[in-house]
>>> print(open('my_file-v5.txt').read())   # compact mmCIF, C-alpha atoms
# COMPACT_ATOMS: atom_id res chain seq x y z
CA MET E 1405 58.64 15.46 -22.47
CA ASN E 1406 57.37 16.31 -19.00
CA ALA E 1407 53.72 17.20 -18.56
CA VAL E 1408 54.62 19.98 -16.13
CA GLU E 1409 57.93 21.69 -15.59
CA ILE E 1410 58.38 24.49 -13.09
CA GLN E 1411 61.68 26.32 -13.39
CA GLY E 1412 62.87 28.72 -10.67
CA MET E 1413 59.42 30.16 -10.25
CA ALA E 1414 58.87 33.01 -7.80
CA LYS E 1415 55.88 35.19 -7.10
CA SER E 1416 55.40 38.17 -4.87
CA PHE E 1417 52.37 40.35 -4.23
CA ASN E 1418 53.16 44.03 -3.54
CA GLY E 1419 56.74 43.09 -2.74
CA ALA E 1420 55.75 40.34 -0.30
CA PRO E 1421 57.16 37.01 -1.49
CA VAL E 1422 54.62 34.19 -1.72
CA LEU E 1423 56.63 31.68 -3.75
CA ASP E 1424 60.39 31.40 -3.93
CA GLU E 1425 62.56 29.25 -6.24
CA ILE E 1426 59.95 26.60 -7.00
CA ASN E 1427 61.31 23.77 -9.12
CA PHE E 1428 59.67 20.47 -9.89
CA LYS E 1429 58.65 18.24 -12.76
CA VAL E 1430 55.63 16.04 -13.34
CA ARG E 1431 56.04 13.25 -15.85
CA LYS E 1432 53.29 12.27 -18.26
CA GLY E 1433 50.81 9.81 -16.78
CA GLU E 1434 51.94 10.53 -13.23
CA ILE E 1435 49.68 11.42 -10.30
CA PHE E 1436 51.47 14.21 -8.49
CA GLY E 1437 50.47 15.42 -5.04
CA TYR E 1438 51.15 19.03 -4.08
CA LEU E 1439 50.96 19.32 -0.33
CA GLY E 1440 51.23 22.19 2.09
CA PRO E 1441 49.52 23.98 4.95
CA ASN E 1442 47.10 26.87 4.43
CA GLY E 1443 48.78 29.95 2.99
CA SER E 1444 51.87 28.05 1.84
CA GLY E 1445 51.32 29.07 -1.81
CA LYS E 1446 49.69 25.95 -3.29
CA THR E 1447 46.82 27.76 -4.98
CA THR E 1448 49.14 30.52 -6.23
CA THR E 1449 51.33 27.85 -7.86
CA LEU E 1450 48.27 26.30 -9.46
CA ARG E 1451 47.04 29.66 -10.76
CA ILE E 1452 50.42 30.39 -12.31
CA MET E 1453 50.48 26.94 -13.94
CA LEU E 1454 47.04 27.63 -15.43
CA GLY E 1455 48.08 31.03 -16.74
CA LEU E 1456 45.70 32.91 -14.44
CA LEU E 1457 48.64 34.66 -12.76
CA LYS E 1458 52.03 35.66 -14.09
CA PRO E 1459 55.11 34.64 -12.10
CA THR E 1460 57.43 37.40 -10.89
CA SER E 1461 60.31 35.31 -12.21
CA GLY E 1462 60.86 31.82 -13.57
CA LYS E 1463 58.65 29.71 -15.78
CA ALA E 1464 55.76 27.29 -15.59
CA LEU E 1465 55.58 25.03 -18.62
CA ILE E 1466 52.74 22.66 -19.44
CA PHE E 1467 53.72 20.23 -22.21
CA GLY E 1468 56.64 22.55 -22.90
CA GLU E 1469 54.48 25.63 -23.44
CA GLU E 1470 53.56 28.61 -21.31
CA PRO E 1471 49.82 28.65 -20.63
CA ASP E 1472 49.00 32.27 -21.45
CA ASP E 1473 45.77 33.85 -22.67
CA SER E 1474 46.58 33.36 -26.35
CA ASN E 1475 47.38 29.64 -26.11
CA SER E 1476 43.90 28.18 -26.60
CA ASP E 1477 45.25 24.90 -28.06
CA LEU E 1478 47.12 24.18 -24.86
CA ARG E 1479 44.14 25.11 -22.71
CA SER E 1480 41.94 22.65 -24.59
CA ARG E 1481 44.31 19.86 -23.44
CA ILE E 1482 43.88 20.83 -19.79
CA GLY E 1483 41.07 19.94 -17.39
CA VAL E 1484 40.63 22.07 -14.29
CA LEU E 1485 38.69 21.79 -11.07
CA LEU E 1486 39.34 24.83 -8.93
CA GLU E 1487 38.10 25.66 -5.43
CA ASN E 1488 34.76 26.67 -6.91
CA ASN E 1489 33.27 24.19 -9.34
CA GLY E 1490 32.82 26.44 -12.37
CA LEU E 1491 29.12 25.61 -12.56
CA TYR E 1492 26.26 27.92 -13.48
CA GLU E 1493 23.72 27.62 -10.70
CA ARG E 1494 20.81 28.62 -12.95
CA LEU E 1495 21.58 25.85 -15.40
CA SER E 1496 20.78 22.18 -14.85
CA ALA E 1497 23.48 19.53 -14.42
CA TYR E 1498 22.95 18.41 -18.02
CA GLN E 1499 23.02 21.98 -19.41
CA ASN E 1500 26.24 22.75 -17.53
CA LEU E 1501 27.99 19.72 -19.00
CA LEU E 1502 26.59 20.41 -22.45
CA TYR E 1503 27.78 24.02 -22.31
CA TYR E 1504 31.34 23.05 -21.44
CA ALA E 1505 31.32 20.19 -23.96
CA ARG E 1506 30.47 22.70 -26.69
CA LEU E 1507 33.08 25.20 -25.43
CA TYR E 1508 35.78 22.54 -25.60
CA GLY E 1509 34.62 21.46 -29.02
CA VAL E 1510 33.59 17.91 -28.08
CA PRO E 1511 32.17 16.41 -31.32
CA GLU E 1512 28.38 16.51 -31.41
CA SER E 1513 28.18 12.76 -31.97
CA ASP E 1514 30.04 12.04 -28.69
CA ARG E 1515 28.47 14.70 -26.49
CA VAL E 1516 25.34 12.92 -25.30
CA GLU E 1517 27.15 9.66 -24.58
CA LYS E 1518 29.91 11.46 -22.65
CA ILE E 1519 27.49 13.55 -20.64
CA GLU E 1520 25.43 10.46 -19.76
CA ARG E 1521 28.56 8.61 -18.65
CA LEU E 1522 29.78 11.51 -16.50
CA LEU E 1523 26.35 12.08 -14.95
CA GLU E 1524 26.34 8.38 -14.09
CA PHE E 1525 29.78 8.73 -12.47
CA ALA E 1526 28.60 11.75 -10.46
CA GLY E 1527 25.48 9.83 -9.41
CA LEU E 1528 23.29 12.56 -10.86
CA SER E 1529 21.62 10.73 -13.74
CA ASP E 1530 18.19 11.02 -12.16
CA ARG E 1531 18.68 14.70 -11.27
CA ARG E 1532 20.10 15.83 -14.59
CA ASN E 1533 17.39 18.41 -15.20
CA GLU E 1534 17.58 20.02 -11.76
CA LYS E 1535 19.30 23.39 -11.42
CA THR E 1536 22.73 22.98 -9.85
CA GLY E 1537 21.95 25.80 -7.41
CA ARG E 1538 19.79 23.28 -5.53
CA PHE E 1539 22.56 20.68 -5.24
CA SER E 1540 24.53 19.94 -2.07
CA THR E 1541 28.24 20.85 -1.83
CA GLY E 1542 29.26 17.24 -2.49
CA MET E 1543 26.99 16.92 -5.53
CA LYS E 1544 28.37 20.15 -6.97
CA ARG E 1545 31.92 18.93 -6.36
CA LYS E 1546 31.28 15.68 -8.22
CA LEU E 1547 29.57 17.51 -11.05
CA GLY E 1548 32.52 19.95 -11.14
CA LEU E 1549 34.86 17.01 -11.51
CA ALA E 1550 32.70 15.58 -14.28
CA ARG E 1551 32.80 19.00 -15.96
CA ALA E 1552 36.60 19.07 -15.78
CA MET E 1553 36.76 15.72 -17.60
CA ILE E 1554 34.16 16.40 -20.30
CA HIS E 1555 36.76 16.87 -23.04
CA ASP E 1556 39.09 13.98 -22.02
CA PRO E 1557 42.00 16.25 -21.10
CA GLU E 1558 45.59 15.06 -21.15
CA ILE E 1559 46.26 16.63 -17.77
CA LEU E 1560 43.87 17.25 -14.92
CA PHE E 1561 44.53 19.93 -12.31
CA LEU E 1562 42.49 19.27 -9.20
CA ASP E 1563 42.30 21.67 -6.27
CA GLU E 1564 41.05 19.81 -3.19
CA PRO E 1565 38.84 17.50 -5.28
CA THR E 1566 37.41 15.57 -2.35
CA SER E 1567 36.57 18.49 -0.08
CA GLY E 1568 32.91 18.32 0.94
CA LEU E 1569 32.53 14.71 -0.16
CA ASP E 1570 31.32 11.81 1.98
CA PRO E 1571 33.70 8.83 2.48
CA GLU E 1572 32.03 6.78 -0.26
CA SER E 1573 32.33 9.60 -2.80
CA ARG E 1574 35.95 10.18 -1.75
CA MET E 1575 36.70 6.58 -2.55
CA LEU E 1576 34.89 6.93 -5.87
CA VAL E 1577 37.00 9.97 -6.80
CA ARG E 1578 40.22 8.24 -5.71
CA ASP E 1579 39.38 5.18 -7.81
CA LEU E 1580 38.57 7.39 -10.76
CA ILE E 1581 41.88 9.25 -10.51
CA LEU E 1582 43.78 5.96 -10.38
CA ARG E 1583 41.81 4.55 -13.31
CA LEU E 1584 42.38 7.68 -15.42
CA SER E 1585 46.09 7.47 -14.83
CA GLU E 1586 46.44 3.71 -15.31
CA ASN E 1587 44.04 3.13 -18.21
CA GLU E 1588 44.13 6.40 -20.11
CA GLY E 1589 47.59 7.69 -19.20
CA MET E 1590 46.15 10.95 -17.91
CA THR E 1591 48.46 13.12 -15.81
CA VAL E 1592 46.87 14.35 -12.58
CA PHE E 1593 48.09 17.26 -10.49
CA LEU E 1594 46.49 17.01 -7.09
CA ASN E 1595 46.51 20.07 -4.85
CA THR E 1596 45.40 18.89 -1.45
CA HIS E 1597 45.65 18.88 2.34
CA ASP E 1598 44.51 15.28 2.51
CA LEU E 1599 47.66 13.31 3.18
CA SER E 1600 45.97 9.92 3.21
CA GLU E 1601 44.57 10.68 -0.24
CA VAL E 1602 48.03 11.54 -1.56
CA GLU E 1603 49.44 8.40 0.02
CA LYS E 1604 46.77 6.25 -1.63
CA VAL E 1605 46.81 7.66 -5.15
CA CYS E 1606 49.98 9.64 -5.84
CA SER E 1607 53.26 8.28 -7.09
CA ASN E 1608 55.19 11.49 -6.40
CA ALA E 1609 54.64 14.48 -4.16
CA ALA E 1610 56.07 17.84 -3.23
CA ILE E 1611 55.69 19.44 0.17
CA LEU E 1612 55.44 23.21 0.14
CA GLU E 1613 55.92 25.37 3.19
CA GLY E 1614 56.42 29.11 3.47
CA GLY E 1615 56.49 29.46 -0.31
CA ARG E 1616 59.35 26.97 -0.80
CA ILE E 1617 59.49 23.30 -1.68
CA ARG E 1618 60.76 21.49 1.40
CA ALA E 1619 60.66 18.00 -0.05
CA CYS E 1620 59.93 16.52 -3.47
CA ASP E 1621 60.24 12.84 -4.21
CA THR E 1622 58.32 9.63 -4.74
CA ILE E 1623 56.04 8.73 -1.82
CA VAL E 1624 58.38 5.88 -0.88
CA GLY E 1625 61.38 8.20 -1.21
CA LEU E 1626 59.76 10.83 1.01
CA ARG E 1627 59.11 8.24 3.69
CA LYS E 1628 62.69 6.95 3.51
CA SER E 1629 64.44 10.32 3.46
CA HIS E 1630 62.69 11.49 6.59
CA ASP E 1631 62.49 8.12 8.22
CA LYS E 1632 63.60 7.51 11.75
CA PRO E 1633 63.04 4.24 13.59
CA VAL E 1634 59.59 4.47 15.13
CA LEU E 1635 58.51 2.13 17.93
CA GLU E 1636 55.04 1.50 19.19
CA ILE E 1637 55.19 0.30 22.79
CA THR E 1638 52.11 -1.08 24.51
CA LEU E 1639 52.40 -1.09 28.30
CA VAL E 1640 50.60 -3.29 30.79
CA ASP E 1641 48.71 -0.33 32.30
CA THR E 1642 48.39 3.44 31.95
CA GLY E 1643 50.63 4.11 34.96
CA TYR E 1644 53.52 2.44 33.16
CA ALA E 1645 52.67 4.42 30.03
CA GLU E 1646 52.98 7.68 31.96
CA GLN E 1647 56.30 6.50 33.47
CA THR E 1648 57.58 5.48 30.00
CA LEU E 1649 56.69 8.87 28.56
CA ASP E 1650 58.56 10.69 31.37
CA LEU E 1651 61.57 8.42 31.01
CA LEU E 1652 61.86 8.59 27.21
CA THR E 1653 61.22 12.31 26.77
CA SER E 1654 64.30 13.05 28.86
CA GLN E 1655 66.53 10.91 26.62
CA ASP E 1656 68.75 12.56 23.97
CA HIS E 1657 68.30 9.77 21.45
CA VAL E 1658 64.52 10.13 21.49
CA TYR E 1659 63.36 12.46 18.75
CA ASP E 1660 59.64 12.44 19.46
CA CYS E 1661 57.41 10.74 21.96
CA GLU E 1662 53.61 10.56 22.18
CA ARG E 1663 51.22 8.72 24.46
CA ASP E 1664 47.75 7.42 23.71
CA ASP E 1665 46.25 5.55 26.68
CA ARG E 1666 48.49 2.46 27.21
CA ARG E 1667 50.37 2.99 23.97
CA VAL E 1668 53.52 5.12 23.57
CA THR E 1669 54.93 5.93 20.12
CA VAL E 1670 58.62 6.84 20.04
CA ALA E 1671 60.71 8.18 17.15
CA LEU E 1672 64.40 7.48 17.73
CA ASN E 1673 67.50 9.33 16.63
CA GLY E 1674 69.41 6.27 15.44
CA GLU E 1675 69.22 4.31 18.70
CA SER E 1676 68.29 0.63 18.42
CA PRO E 1677 64.95 -0.64 19.76
CA SER E 1678 66.71 -3.15 22.02
CA THR E 1679 68.40 -0.28 23.94
CA VAL E 1680 64.98 1.26 24.59
CA LEU E 1681 63.58 -2.08 25.72
CA GLY E 1682 66.56 -2.61 28.02
CA MET E 1683 66.05 0.83 29.53
CA LEU E 1684 62.37 0.16 30.21
CA VAL E 1685 63.05 -3.23 31.79
CA THR E 1686 65.82 -1.75 33.97
CA ASN E 1687 63.35 0.82 35.27
CA GLY E 1688 60.82 -1.89 36.13
CA ILE E 1689 58.33 -0.96 33.43
CA ALA E 1690 56.13 -3.85 32.32
CA VAL E 1691 55.96 -3.95 28.53
CA GLU E 1692 53.15 -5.91 26.87
CA GLU E 1693 54.24 -5.44 23.27
CA MET E 1694 56.83 -3.49 21.28
CA LYS E 1695 56.94 -3.23 17.50
CA ASN E 1696 58.54 -1.24 14.70
CA VAL E 1697 56.08 0.86 12.71
CA THR E 1698 56.39 2.32 9.23
CA LYS E 1699 56.10 6.07 9.11
CA SER E 1700 53.06 7.33 7.26
CA LEU E 1701 53.23 10.26 4.87
CA GLU E 1702 51.31 12.22 7.48
CA ALA E 1703 54.11 11.59 9.99
CA VAL E 1704 56.71 12.67 7.41
CA TYR E 1705 54.72 15.82 6.64
CA LEU E 1706 54.31 16.71 10.30
CA ASP E 1707 57.98 16.01 10.84
CA ILE E 1708 58.96 18.46 8.10
CA MET E 1709 56.61 21.11 9.50
CA LYS E 1710 57.96 20.57 13.01
CA ARG E 1711 61.57 20.94 11.84
CA ARG E 1712 60.66 24.16 10.03
CA ARG E 1713 59.07 25.58 13.18
CA GLU E 1714 62.14 24.65 15.22
CA TYR E 1715 64.41 26.20 12.59
CA LYS E 1716 62.46 29.47 12.70
CA MET Z 581 30.13 26.42 -33.81
CA ASN Z 582 32.01 29.59 -32.93
CA THR Z 583 32.81 29.63 -29.20
CA ILE Z 584 31.60 33.22 -28.93
CA LEU Z 585 28.20 32.16 -30.23
CA ILE Z 586 28.06 29.34 -27.68
CA VAL Z 587 28.65 31.75 -24.82
CA ALA Z 588 26.33 34.32 -26.38
CA GLU Z 589 23.57 31.72 -26.67
CA LYS Z 590 24.00 30.76 -23.02
CA GLU Z 591 23.93 34.42 -21.90
CA MET Z 592 20.86 35.13 -24.02
CA ASN Z 593 19.04 32.15 -22.52
CA GLY Z 594 20.11 33.38 -19.10
CA ILE Z 595 18.58 36.79 -19.71
CA ILE Z 596 15.36 35.31 -21.07
CA ARG Z 597 15.06 33.04 -18.04
CA THR Z 598 15.77 35.81 -15.53
CA ARG Z 599 12.40 37.26 -14.58
CA SER Z 600 13.74 40.63 -13.32
CA GLN Z 601 15.70 41.30 -16.52
CA MET Z 602 12.76 40.31 -18.69
CA LEU Z 603 10.43 42.57 -16.71
CA VAL Z 604 12.81 45.54 -17.10
CA GLY Z 605 12.92 44.89 -20.85
CA ILE Z 606 9.14 44.56 -21.19
CA PHE Z 607 8.62 47.69 -19.08
CA PHE Z 608 10.87 49.80 -21.31
CA ALA Z 609 9.39 48.32 -24.47
CA LEU Z 610 5.85 49.22 -23.33
CA TRP Z 611 6.91 52.60 -21.94
CA PHE Z 612 8.47 53.74 -25.18
CA SER Z 613 5.59 52.35 -27.24
CA VAL Z 614 3.11 54.38 -25.17
CA MET Z 615 5.30 57.49 -25.36
CA THR Z 616 5.56 57.17 -29.12
CA VAL Z 617 1.78 56.97 -29.71
CA PRO Z 618 1.08 60.74 -29.45
CA VAL Z 619 4.11 61.44 -31.62
CA ILE Z 620 2.82 59.14 -34.35
CA MET Z 621 -0.72 60.50 -34.08
CA THR Z 622 0.33 64.15 -34.46
CA ALA Z 623 3.38 63.65 -36.60
CA GLU Z 624 2.06 65.68 -39.53
CA GLU Z 625 0.82 68.63 -37.47
CA SER Z 626 3.49 69.70 -35.08
CA ALA Z 627 7.14 70.66 -35.40
CA VAL Z 628 7.51 70.29 -31.61
CA PHE Z 629 6.58 66.63 -31.83
CA ASP Z 630 9.04 66.23 -34.67
CA GLN Z 631 11.82 67.43 -32.39
CA PHE Z 632 10.50 65.25 -29.58
CA ASN Z 633 10.54 62.30 -31.95
CA ASN Z 634 14.21 62.94 -32.79
CA LEU Z 635 15.13 63.32 -29.14
CA LEU Z 636 13.32 60.14 -28.27
CA PHE Z 637 15.30 58.25 -30.89
CA TYR Z 638 18.64 59.33 -29.36
CA PHE Z 639 17.35 58.80 -25.85
CA VAL Z 640 16.33 55.22 -26.64
CA LEU Z 641 19.71 54.60 -28.24
CA MET Z 642 21.61 55.95 -25.24
CA LEU Z 643 19.42 54.08 -22.81
CA GLY Z 644 19.98 50.87 -24.77
CA ILE Z 645 23.74 51.22 -24.72
CA PHE Z 646 23.66 52.07 -21.03
CA THR Z 647 21.46 49.03 -20.28
CA ALA Z 648 23.72 46.81 -22.37
CA TYR Z 649 26.77 47.80 -20.34
CA LEU Z 650 24.79 47.36 -17.16
CA PHE Z 651 23.83 43.82 -18.16
CA SER Z 652 27.36 42.96 -19.30
CA GLY Z 653 28.69 44.30 -16.00
CA LYS Z 654 26.18 42.13 -14.17
CA VAL Z 655 27.22 39.04 -16.12
CA PHE Z 656 30.89 39.73 -15.33
CA PHE Z 657 30.13 40.44 -11.69
CA ASN Z 658 28.16 37.20 -11.29
CA GLU Z 659 30.87 35.15 -12.98
CA LYS Z 660 33.52 36.76 -10.81
CA ARG Z 661 31.45 36.29 -7.64
CA GLU Z 662 30.71 32.65 -8.35
CA GLY Z 663 34.32 32.07 -9.42
CA ILE Z 664 33.22 30.81 -12.85
CA ILE Z 665 35.36 33.30 -14.72
CA GLU Z 666 38.56 31.51 -13.60
CA THR Z 667 37.24 28.21 -14.92
CA LEU Z 668 36.18 29.91 -18.15
CA LEU Z 669 39.68 31.34 -18.53
CA CYS Z 670 41.02 27.80 -18.41
CA THR Z 671 38.86 26.83 -21.39
CA PRO Z 672 39.90 27.72 -24.94
CA LEU Z 673 38.16 31.10 -24.47
CA SER Z 674 40.33 34.17 -24.00
CA LEU Z 675 39.43 37.07 -21.71
CA ARG Z 676 38.77 39.23 -24.77
CA GLN Z 677 36.29 36.67 -26.13
CA ILE Z 678 34.47 36.40 -22.80
CA HIS Z 679 34.21 40.19 -22.69
CA ARG Z 680 32.96 40.36 -26.27
CA CYS Z 681 30.22 37.84 -25.49
CA SER Z 682 29.14 39.71 -22.39
CA VAL Z 683 28.82 43.00 -24.27
CA LYS Z 684 27.44 41.65 -27.51
CA VAL Z 685 24.57 39.72 -25.97
CA PRO Z 686 23.03 42.59 -23.96
CA LEU Z 687 23.34 44.82 -27.04
CA ASN Z 688 21.41 42.24 -29.07
CA HIS Z 689 18.96 42.04 -26.19
CA HIS Z 690 18.45 45.80 -26.47
CA HIS Z 691 17.99 45.59 -30.24
CA LEU Z 692 15.21 43.08 -29.67
CA TYR Z 693 13.40 45.54 -27.42
CA ILE Z 694 13.78 48.36 -29.94
CA GLN Z 695 12.35 46.14 -32.65
>>> encode(input="my_file-v5.txt", output="structure tokens")
Amino acid sequence: MNAVEIQGMAKSFNGAPVLDEINFKVRKGEIFGYLGPNGSGKTTTLRIMLGLLKPTSGKALIFGEEPDDSNSDLRSRIGVLLENNGLYERLSAYQNLLYYARLYGVPESDRVEKIERLLEFAGLSDRRNEKTGRFSTGMKRKLGLARAMIHDPEILFLDEPTSGLDPESRMLVRDLILRLSENEGMTVFLNTHDLSEVEKVCSNAAILEGGRIRACDTIVGLRKSHDKPVLEITLVDTGYAEQTLDLLTSQDHVYDCERDDRRVTVALNGESPSTVLGMLVTNGIAVEEMKNVTKSLEAVYLDIMKRRREYK
Amino acid sequence: MNTILIVAEKEMNGIIRTRSQMLVGIFFALWFSVMTVPVIMTAEESAVFDQFNNLLFYFVLMLGIFTAYLFSGKVFFNEKREGIIETLLCTPLSLRQIHRCSVKVPLNHHHLYIQ
């Protein structure tokens, strides 16, 4: 059984469509990245999956069930970290975790040990009795994440989990997500803008734009399906770089071309790198180095967005 | 423990720890105690005070219910403003249960003052 299954889901607000024909599946134990620009409908999808909104048509199934208000058993299997952290600012870090542990029915014998462990993870062991209202954004985010995991959920829905975190904490969260998936078989649904994060932790991803899924595959598959040969050419000096940029942008077989100081990055439409090199040499351009580069997920994402803009 | 009681306990602690809400409660408790003194002292003599006594009873009741809804509204407003209500709705609690807790607790709060 899939952990998440979205079937032909659509949502409109006052007749304005926000989501259209959304279909994807998340297998158990998978870390799934849900990517998209602002306003693309990511949070709306998440809210429908959590039963906070009803879809206009289609279905969102979590472990084969619809997460509505009456399905408390299903909701106790889900951990959620939304945009806000779900913390009571007048309560201390410890009290917040204790409150949620009791709400989720964590056995009394396990509560203290679990809370201690999660406070340790969040780096808040020594500030456990401080009111969360006094915490920084990053501290609240980490505590929010700890709160979402208090009942050892089977699936974790995370909305921008690393926003507001410093690089060290980001790494900590990434490691935790990977560990949860690998060691405990937890499914993680990651709603994020951070492409490097998705690339590092997710096995599969969907790219949403304008309320529709534009691509959905494994990370490797996404790279391959949108891959074009990309060359990184380092020129002897900046004058040659400028000349190279002018020369290549006018070529039909060049899909994209960017310059950064002495370096020019070129995406080709099927042309071989040797043709490009020949062209440069013929035009008297001194090349220091030329190499093939693998396209990052970020490049794939930007490529999809660019194509969409051109299509419009 | 019943989830409603868990939320109720948290709300009750919240009210007790909120200075403004406690002060409002203490003010009304003292105010009605002072107002009741002449009624008790002259209870056997005057029919007017008897009527006043009855009116006061209903007034206190109405005021209590009104305050209870005010407090429950405040709890809901704060949870909505801070975005906690969405997280709560993802827990095993239903919207009806959250609402029941928010109304029940201020009513109990009011009963404490009456007592």
>>> atom_distance(input="my_file-v5.txt", atom1="CA of Phe1561 in chain E", atom2="CA of Thr1591 in chain E")
8.6 Å
>>> closest_atom_pairs(input="my_file-v5.txt", of="chain Z", to="chain E", cutoff="7 Å", atoms="only C-alpha atoms", output="CSV")
residue,atom,partner,partner_atom,distance
Z:Thr583,CA,E:Leu1507,CA,5.8
Z:Ile586,CA,E:Leu1507,CA,6.9
Z:Gly663,CA,E:Asn1488,CA,6.0
Z:Ile664,CA,E:Gly1490,CA,4.4
Z:Thr667,CA,E:Gly1490,CA,5.4
Z:Cys670,CA,E:Arg1479,CA,6.0
Z:Thr671,CA,E:Arg1479,CA,5.7
Z:Pro672,CA,E:Ser1476,CA,4.4
Z:Leu673,CA,E:Ser1476,CA,6.8
Z:Ser674,CA,E:Asp1473,CA,5.6
>>> residues_around(input="my_file-v5.txt", residues="Ala1420 in chain E", least_positions_apart="4", cutoff="12 Å", atoms="all atoms listed in the file", output="PyMOL selection string")
chain E and resi 1414-1416+1424+1460+1614-1615
>>> write_last_selection(input="my_file-v5.txt", atoms="C-alpha atoms", output="PDB file, keeping the file's coordinate frame")
ATOM      1  CA  ALA E1414      58.870  33.010  -7.800  1.00  0.00           C
ATOM      2  CA  LYS E1415      55.880  35.190  -7.100  1.00  0.00           C
ATOM      3  CA  SER E1416      55.400  38.170  -4.870  1.00  0.00           C
ATOM      4  CA  ASP E1424      60.390  31.400  -3.930  1.00  0.00           C
ATOM      5  CA  THR E1460      57.430  37.400 -10.890  1.00  0.00           C
ATOM      6  CA  GLY E1614      56.420  29.110   3.470  1.00  0.00           C
ATOM      7  CA  GLY E1615      56.490  29.460  -0.310  1.00  0.00           C
TER       8      GLY E1615
END
>>> closest_residue(input="my_file-v5.txt", among="E:Leu1547, E:Lys1695, E:Ile1452, E:Asn1595", to="Glu666 in chain Z", atoms="all atoms listed in the file")
E:Ile1452
>>> atom_distance(input="my_file-v5.txt", atom1="CA of Ile1466 in chain E", atom2="CA of Gly1412 in chain E")
14.7 Å
>>> atom_distance(input="my_file-v5.txt", atom1="CA of Met1453 in chain E", atom2="CA of Val1602 in chain E")
19.9 Å
>>> closest_residue(input="my_file-v5.txt", among="E:Pro1557, E:Gly1682, E:Gly1568, E:Gly1527", to="Met1590 in chain E", atoms="all atoms listed in the file")
E:Pro1557
>>> residues_around(input="my_file-v5.txt", residues="Thr1648 in chain E", least_positions_apart="2", cutoff="9 Å", atoms="all atoms listed in the file", output="number ranges by chain")
E: 1639, 1643-1646, 1650-1653, 1668, 1684, 1689
>>> residues_around(input="my_file-v5.txt", residues="Pro1441 in chain E", least_positions_apart="6", cutoff="10 Å", atoms="only C-alpha atoms", output="count of residues only")
8
>>> residues_around(input="my_file-v5.txt", residues="Ser1529 in chain E", least_positions_apart="4", cutoff="12 Å", atoms="all atoms listed in the file", output="list in words")
Ser1496, Ala1497, Tyr1498, Ile1519, Glu1520, Arg1521, Leu1522, Leu1523, Glu1524, Phe1525, Asn1533, Glu1534, Met1543 and Leu1547 of chain E
>>> closest_residue(input="my_file-v5.txt", among="Z:Val604, Z:Ile584, Z:Leu635, Z:Leu650", to="Arg676 in chain Z", atoms="only C-alpha atoms")
Z:Ile584
>>> residues_around(input="my_file-v5.txt", residues="Met1694 in chain E", least_positions_apart="6", cutoff="7 Å", atoms="only C-alpha atoms", output="ChimeraX atom specification")
/E:1635-1638
>>> closest_residue(input="my_file-v5.txt", among="Z:Phe651, Z:His679, Z:Phe657, Z:Leu668", to="Ser600 in chain Z", atoms="only C-alpha atoms")
Z:Phe651
>>> closest_residue(input="my_file-v5.txt", among="Z:Phe639, Z:Glu591, Z:Leu603, Z:Asn634", to="Asn658 in chain Z", atoms="all atoms listed in the file")
Z:Glu591
>>> build_atoms(input="my_file-v5.txt", residues="range 638-648 of chain Z", atoms="N, CA and C atoms", output="compact mmCIF listing (two decimals), in the coordinates of the input")
# COMPACT_ATOMS: atom_id res chain seq x y z
N TYR Z 638 17.30 59.33 -29.97
CA TYR Z 638 18.64 59.33 -29.36
C TYR Z 638 18.59 58.83 -27.93
N PHE Z 639 17.50 59.20 -27.24
CA PHE Z 639 17.35 58.80 -25.85
C PHE Z 639 17.28 57.26 -25.75
N VAL Z 640 16.48 56.69 -26.63
CA VAL Z 640 16.33 55.22 -26.64
C VAL Z 640 17.67 54.55 -26.92
N LEU Z 641 18.40 55.16 -27.86
CA LEU Z 641 19.71 54.60 -28.24
C LEU Z 641 20.67 54.63 -27.04
N MET Z 642 20.71 55.80 -26.39
CA MET Z 642 21.61 55.95 -25.24
C MET Z 642 21.23 54.99 -24.11
N LEU Z 643 19.93 54.94 -23.89
CA LEU Z 643 19.42 54.08 -22.81
C LEU Z 643 19.79 52.61 -23.10
N GLY Z 644 19.66 52.25 -24.36
CA GLY Z 644 19.98 50.87 -24.77
C GLY Z 644 21.43 50.54 -24.51
N ILE Z 645 22.30 51.47 -24.91
CA ILE Z 645 23.74 51.22 -24.72
C ILE Z 645 24.06 51.14 -23.23
N PHE Z 646 23.44 52.05 -22.48
CA PHE Z 646 23.66 52.07 -21.03
C PHE Z 646 23.21 50.73 -20.41
N THR Z 647 22.00 50.30 -20.81
CA THR Z 647 21.46 49.03 -20.28
C THR Z 647 22.36 47.85 -20.66
N ALA Z 648 22.86 47.90 -21.90
CA ALA Z 648 23.72 46.81 -22.37
C ALA Z 648 24.96 46.70 -21.50
